[in-house]
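One structure below.
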Amino acid sequence: FVAIADVTGDGKPDIAAVSGIVAVIANQGKGTFMPGPTLAAGDAPWALAAADLDGDKVQDLAVVNQLGGTVTVLLARGGSFAAAAATSTPEVPGFIALGQLNGLVDKKIDLAYTPNGWGAPLRWAFGRGDGTFAAGGAASPGGQSRGMLAVDANGDGQTDVLGVGNGNCGEQLHLILSNGDGSMKPHLSSGISFDCSHITSLPFDFDGDGKLDALRATSSNFGGKPHTVQIALNKGDASGTFKPGLGFGMIDPPSGSTVADFNGDQLPDLAFATQGAASSVTMIFAAGKLMYGAPKTTPLAAAPRRIVAADLDGDKVPDLAVSTAGGVSVLLNTADGKGTLAAAQVYEAGADCVQLVATDVNGDQVQDLLFRAGAGQVKVLVGKGNGTFLAARTFNAGFQIIDLVTGDINGDTKVDVALGYSGGIAVLINTSP
């Protein structure tokens, strides 16, 4: 688990990570970082979150200790940390979130956490403003929690708790709405059950009401469950919950998904990277509002990993790029008004490409493709602007990369890269002109 927060009080975002210990990587400015203190937090720390827990305008850390059954607060003191009294939890804690759950009473940061066990309730505790917490309440979403977030889900200005629960090979979104006075409304379930072998999900406004809905693609024949695509619709009211939209089965299991208007009819079409008897891109075109037609496939040469939509040839029409076990496949949209794709062009043939991002790496207003491949490599395919790419540039990280994200890390408006690995985090600063 990683948190990005200014824990040194110098106005620059630092990195805090936990993996048996808590490590702080201090931001030195201009994209450089220096190892900071290594902190003991408790027995088997494994998750953390950052917020100002004692009101001194500096971000502190709250750390979940799985074996100890506690949450330890580390109060930032300008580069060093002081430990507040650990908060004992009735169950072994799992995931954690911080926010003002009783914002009408005080402006102190409160704590919510999910126990790491089956059927245990989600719990919250109220901050005292000194890094310790008073008992709050509990709700029982059922099943086993998979994650949580403190967010204003219904737009009333109060911080609510949104979680994902798993039970009986199905996942649901669970919501506990705050009244702002320390009490909570009865637990709400989205009413949308997702197969437990879900592969990919993404937010998108599918019904055009200005509220983000959720698409979830699953790949599982467990218990007779088919490969499916489900769209859950945001109700758009104060409940902050979802309602069933539509769902349909797929012949081949999806490994990635994206949404874009591929045929120019102003409706959201769906594209999936799929692998069955053969590897392919499967496109499903909207036939109206929340109506979809028959799938259309385009073959790929190797097993797909992820798929992204972007205008790769400058014609204002979205194309597709797919990371595969045999390179990056680029499928250009022929712009015929039907969403027809040209045959795939393969780059970096033979490379096992995993994550894939379409972004302008060199600032020429042309989309490039950045991906991680093989044993600890980051590769960049620089776009020419016509749908073709220069030979890949390779950056060797020196370790096995677990995750990759992009963003402007040092404030120079260029796209940088942050890499997660088992020993911490590494940053690649963009030095292009």
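Identifiers in this document derive from the order of the structure tokens: chains are assigned A, B, ..., residues are numbered from 1 separately in each chain, and ligands are numbered from 1 in order of occurrence.
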Excluding Ala214 of chain A and its own-chain neighbours fewer than 2 positions away, which residues fall within 9 Å of it when counting only C-alpha atoms? Please give them as an NGL selection string. :A and (201-206 or 212 or 216 or 230-234 or 242)
Taking only C-alpha atoms into account, which of A:Gly327, A:Gly337, A:Gly350, A:Gly210 comes nearest Leu381 of chain A?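 That would be A:Gly327, the residue with the smallest distance to Leu381 of chain A.
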Point-to-point distance in Å for atom CA of Val357 of chain A and atom CA of Val229 of chain A: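 Atom-to-atom, atom CA of Val229 of chain A to atom CA of Val357 of chain A, that is 22.8 Å.
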Run DSSP on the backbone of this structure and report the residues of segment 349-381 of chain A it assigns to strand (DSSP E), as an mmCIF file with N, CA, C and O atoms, in the first residue's frame.
data_model
loop_
_atom_site.group_PDB
_atom_site.id
_atom_site.type_symbol
_atom_site.label_atom_id
_atom_site.label_comp_id
_atom_site.auth_asym_id
_atom_site.auth_seq_id
_atom_site.Cartn_x
_atom_site.Cartn_y
_atom_site.Cartn_z
ATOM 1 N N CYS A 353 4.063 -7.918 -23.197
ATOM 2 C CA CYS A 353 3.676 -6.577 -22.774
ATOM 3 C C CYS A 353 2.487 -6.652 -21.837
ATOM 4 O O CYS A 353 1.512 -7.353 -22.125
ATOM 5 N N VAL A 354 2.544 -5.928 -20.749
ATOM 6 C CA VAL A 354 1.494 -6.026 -19.738
ATOM 7 C C VAL A 354 0.700 -4.723 -19.724
ATOM 8 O O VAL A 354 -0.141 -4.493 -20.579
ATOM 9 N N GLN A 355 0.955 -3.851 -18.776
ATOM 10 C CA GLN A 355 0.214 -2.594 -18.716
ATOM 11 C C GLN A 355 0.511 -1.720 -19.934
ATOM 12 O O GLN A 355 1.622 -1.740 -20.468
ATOM 13 N N LEU A 356 -0.473 -0.929 -20.338
ATOM 14 C CA LEU A 356 -0.344 -0.098 -21.532
ATOM 15 C C LEU A 356 -1.036 1.232 -21.284
ATOM 16 O O LEU A 356 -2.163 1.276 -20.799
ATOM 17 N N VAL A 357 -0.353 2.331 -21.611
ATOM 18 C CA VAL A 357 -0.898 3.673 -21.448
ATOM 19 C C VAL A 357 -0.684 4.449 -22.738
ATOM 20 O O VAL A 357 0.412 4.421 -23.309
ATOM 21 N N ALA A 358 -1.715 5.134 -23.218
ATOM 22 C CA ALA A 358 -1.591 6.050 -24.344
ATOM 23 C C ALA A 358 -1.466 7.460 -23.786
ATOM 24 O O ALA A 358 -2.358 7.939 -23.079
ATOM 25 N N THR A 359 -0.357 8.133 -24.082
ATOM 26 C CA THR A 359 -0.116 9.474 -23.554
ATOM 27 C C THR A 359 0.924 10.156 -24.435
ATOM 28 O O THR A 359 1.641 9.500 -25.197
ATOM 29 N N ASP A 368 1.642 8.741 -27.810
ATOM 30 C CA ASP A 368 2.642 7.683 -27.772
ATOM 31 C C ASP A 368 2.080 6.530 -26.947
ATOM 32 O O ASP A 368 1.051 6.667 -26.273
ATOM 33 N N LEU A 369 2.759 5.405 -26.974
ATOM 34 C CA LEU A 369 2.339 4.245 -26.192
ATOM 35 C C LEU A 369 3.458 3.871 -25.227
ATOM 36 O O LEU A 369 4.604 3.654 -25.640
ATOM 37 N N LEU A 370 3.117 3.816 -23.957
ATOM 38 C CA LEU A 370 4.070 3.491 -22.899
ATOM 39 C C LEU A 370 3.586 2.225 -22.212
ATOM 40 O O LEU A 370 2.406 2.104 -21.879
ATOM 41 N N PHE A 371 4.488 1.272 -21.998
ATOM 42 C CA PHE A 371 4.052 0.009 -21.403
ATOM 43 C C PHE A 371 5.197 -0.636 -20.642
ATOM 44 O O PHE A 371 6.371 -0.276 -20.809
ATOM 45 N N ARG A 372 4.843 -1.563 -19.766
ATOM 46 C CA ARG A 372 5.867 -2.353 -19.086
ATOM 47 C C ARG A 372 5.900 -3.735 -19.712
ATOM 48 O O ARG A 372 4.882 -4.277 -20.154
ATOM 49 N N ALA A 373 7.106 -4.274 -19.782
ATOM 50 C CA ALA A 373 7.276 -5.543 -20.487
ATOM 51 C C ALA A 373 8.389 -6.345 -19.836
ATOM 52 O O ALA A 373 9.318 -5.791 -19.233
ATOM 53 N N GLN A 377 11.130 -3.963 -17.373
ATOM 54 C CA GLN A 377 11.388 -2.984 -18.415
ATOM 55 C C GLN A 377 10.195 -2.068 -18.631
ATOM 56 O O GLN A 377 9.042 -2.499 -18.543
ATOM 57 N N VAL A 378 10.483 -0.801 -18.914
ATOM 58 C CA VAL A 378 9.488 0.156 -19.366
ATOM 59 C C VAL A 378 9.851 0.533 -20.795
ATOM 60 O O VAL A 378 11.009 0.869 -21.074
ATOM 61 N N LYS A 379 8.889 0.468 -21.687
ATOM 62 C CA LYS A 379 9.147 0.752 -23.097
ATOM 63 C C LYS A 379 8.226 1.875 -23.575
ATOM 64 O O LYS A 379 7.092 1.994 -23.114
ATOM 65 N N VAL A 380 8.722 2.664 -24.523
ATOM 66 C CA VAL A 380 7.947 3.748 -25.109
ATOM 67 C C VAL A 380 7.972 3.620 -26.627
ATOM 68 O O VAL A 380 9.062 3.537 -27.233
ATOM 69 N N LEU A 381 6.810 3.572 -27.246
ATOM 70 C CA LEU A 381 6.661 3.656 -28.693
ATOM 71 C C LEU A 381 6.257 5.089 -29.016
ATOM 72 O O LEU A 381 5.160 5.523 -28.669
#
Which neighbours of Ala325 of chain A fall inside 12 Å, counting only C-alpha atoms, when residues of the same chain fewer than 2 positions from it are skipped, and could you give them as a list in words?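 Counting only C-alpha atoms, the residues come to Gln275, Ser279, Leu300, Ala301, Ala302, Ala303, Pro304, Arg305, Arg306, Val322, Ser323, Gly327, Val328, Ser329, Val346, Tyr347, Glu348, Ala349, Gly350, Ala351, Asp352, Cys353, Val354, Gln355, Arg372, Ala373 and Gly374 of chain A.
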Kindly save the residues from that selection, with N, CA, C and O atoms included, as a tab-separated table (two decimals), in the first residue's frame.
chain	number	residue	atom	x	y	z
A	275	GLN	N	-9.84	-13.50	-25.24
A	275	GLN	CA	-9.05	-14.67	-25.59
A	275	GLN	C	-9.88	-15.92	-25.36
A	275	GLN	O	-10.27	-16.23	-24.25
A	279	SER	N	-7.27	-15.33	-30.09
A	279	SER	CA	-7.18	-14.02	-29.46
A	279	SER	C	-7.76	-12.97	-30.39
A	279	SER	O	-7.57	-13.03	-31.62
A	300	LEU	N	-6.22	-11.04	-33.24
A	300	LEU	CA	-4.91	-10.65	-32.73
A	300	LEU	C	-3.96	-11.83	-32.86
A	300	LEU	O	-4.39	-12.99	-32.85
A	301	ALA	N	-2.66	-11.53	-32.92
A	301	ALA	CA	-1.69	-12.59	-33.12
A	301	ALA	C	-1.28	-13.28	-31.82
A	301	ALA	O	-0.70	-14.37	-31.86
A	302	ALA	N	-1.55	-12.64	-30.68
A	302	ALA	CA	-1.11	-13.21	-29.40
A	302	ALA	C	-2.14	-12.89	-28.32
A	302	ALA	O	-3.01	-12.03	-28.49
A	303	ALA	N	-2.02	-13.59	-27.19
A	303	ALA	CA	-2.97	-13.43	-26.09
A	303	ALA	C	-2.96	-12.00	-25.57
A	303	ALA	O	-1.90	-11.47	-25.22
A	304	PRO	N	-4.12	-11.33	-25.48
A	304	PRO	CA	-4.17	-9.93	-25.05
A	304	PRO	C	-4.07	-9.78	-23.55
A	304	PRO	O	-4.44	-10.68	-22.78
A	305	ARG	N	-3.58	-8.63	-23.13
A	305	ARG	CA	-3.50	-8.27	-21.72
A	305	ARG	C	-4.45	-7.11	-21.41
A	305	ARG	O	-5.40	-7.24	-20.68
A	306	ARG	N	-4.15	-5.94	-21.97
A	306	ARG	CA	-4.95	-4.74	-21.73
A	306	ARG	C	-5.23	-4.04	-23.05
A	306	ARG	O	-4.53	-4.26	-24.04
A	322	VAL	N	-3.47	-2.65	-28.05
A	322	VAL	CA	-3.63	-3.79	-27.14
A	322	VAL	C	-2.25	-4.31	-26.76
A	322	VAL	O	-1.42	-4.58	-27.64
A	323	SER	N	-2.00	-4.43	-25.47
A	323	SER	CA	-0.78	-5.10	-25.02
A	323	SER	C	-1.04	-6.60	-25.03
A	323	SER	O	-2.10	-7.07	-24.59
A	327	GLY	N	3.75	-8.66	-28.01
A	327	GLY	CA	4.02	-7.30	-28.46
A	327	GLY	C	2.82	-6.39	-28.26
A	327	GLY	O	1.83	-6.76	-27.62
A	328	VAL	N	2.89	-5.20	-28.84
A	328	VAL	CA	1.78	-4.26	-28.80
A	328	VAL	C	1.11	-4.25	-30.17
A	328	VAL	O	1.77	-4.00	-31.19
A	329	SER	N	-0.19	-4.51	-30.19
A	329	SER	CA	-0.95	-4.51	-31.44
A	329	SER	C	-1.71	-3.19	-31.56
A	329	SER	O	-2.44	-2.80	-30.64
A	346	VAL	N	1.81	-4.97	-35.42
A	346	VAL	CA	2.46	-5.43	-34.19
A	346	VAL	C	3.81	-4.76	-34.03
A	346	VAL	O	4.63	-4.75	-34.96
A	347	TYR	N	4.04	-4.19	-32.84
A	347	TYR	CA	5.30	-3.57	-32.49
A	347	TYR	C	5.92	-4.33	-31.33
A	347	TYR	O	5.20	-4.86	-30.47
A	348	GLU	N	7.23	-4.35	-31.28
A	348	GLU	CA	7.95	-5.10	-30.25
A	348	GLU	C	7.52	-6.57	-30.25
A	348	GLU	O	7.18	-7.15	-29.21
A	349	ALA	N	7.52	-7.17	-31.43
A	349	ALA	CA	7.11	-8.57	-31.59
A	349	ALA	C	7.92	-9.47	-30.67
A	349	ALA	O	9.14	-9.35	-30.57
A	350	GLY	N	7.23	-10.36	-29.99
A	350	GLY	CA	7.88	-11.32	-29.10
A	350	GLY	C	7.97	-10.88	-27.67
A	350	GLY	O	8.22	-11.70	-26.78
A	351	ALA	N	7.76	-9.58	-27.41
A	351	ALA	CA	7.84	-9.10	-26.03
A	351	ALA	C	6.52	-9.34	-25.30
A	351	ALA	O	5.45	-9.18	-25.88
A	352	ASP	N	6.61	-9.75	-24.05
A	352	ASP	CA	5.40	-9.94	-23.23
A	352	ASP	C	5.04	-8.60	-22.62
A	352	ASP	O	5.63	-8.16	-21.64
A	353	CYS	N	4.06	-7.92	-23.20
A	353	CYS	CA	3.68	-6.58	-22.77
A	353	CYS	C	2.49	-6.65	-21.84
A	353	CYS	O	1.51	-7.35	-22.12
A	354	VAL	N	2.54	-5.93	-20.75
A	354	VAL	CA	1.49	-6.03	-19.74
A	354	VAL	C	0.70	-4.72	-19.72
A	354	VAL	O	-0.14	-4.49	-20.58
A	355	GLN	N	0.95	-3.85	-18.78
A	355	GLN	CA	0.21	-2.59	-18.72
A	355	GLN	C	0.51	-1.72	-19.93
A	355	GLN	O	1.62	-1.74	-20.47
A	372	ARG	N	4.84	-1.56	-19.77
A	372	ARG	CA	5.87	-2.35	-19.09
A	372	ARG	C	5.90	-3.73	-19.71
A	372	ARG	O	4.88	-4.28	-20.15
A	373	ALA	N	7.11	-4.27	-19.78
A	373	ALA	CA	7.28	-5.54	-20.49
A	373	ALA	C	8.39	-6.35	-19.84
A	373	ALA	O	9.32	-5.79	-19.23
A	374	GLY	N	8.28	-7.67	-19.99
A	374	GLY	CA	9.35	-8.55	-19.56
A	374	GLY	C	9.72	-8.40	-18.10
A	374	GLY	O	8.91	-8.04	-17.26
Which one of A:Ile176, A:Lys108, A:Asp261, A:Gly103 sits closest to Gly137 of chain A if you count only C-alpha atoms? A:Ile176
Write out as a PyMOL selection string each polymer residue whose atoms come within 9 Å of Gly129 of chain A, counting only C-alpha atoms; drop sequence neighbours fewer than 4 positions from it. chain A and resi 52-55+107-110+133
Using only C-alpha atoms, which of A:Pro433, A:Gly155, A:Gly293, A:Gly264 sits nearest Lys338 of chain A? A:Gly264
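Residues lying within 9 Å of Gly182 of chain A, counting only C-alpha atoms and ignoring same-chain neighbours fewer than 6 positions away, are Leu101, Asn102, Gly103, Leu104, Val105, Phe126, Gly136 and Gly137 of chain A.
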Residue with smallest distance to Ile96 of chain A - pool A:Thr334, A:Leu74, A:Phe248, A:Ala62, counting only C-alpha atoms: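 Among the listed residues, the smallest separation from Ile96 of chain A belongs to A:Ala62.
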One decimal, in Å: what's the spacing between atom CA of Val2 of chain A and atom CA of Tyr421 of chain A?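 About the pair atom CA of Val2 of chain A and atom CA of Tyr421 of chain A: they are 11.1 Å apart.
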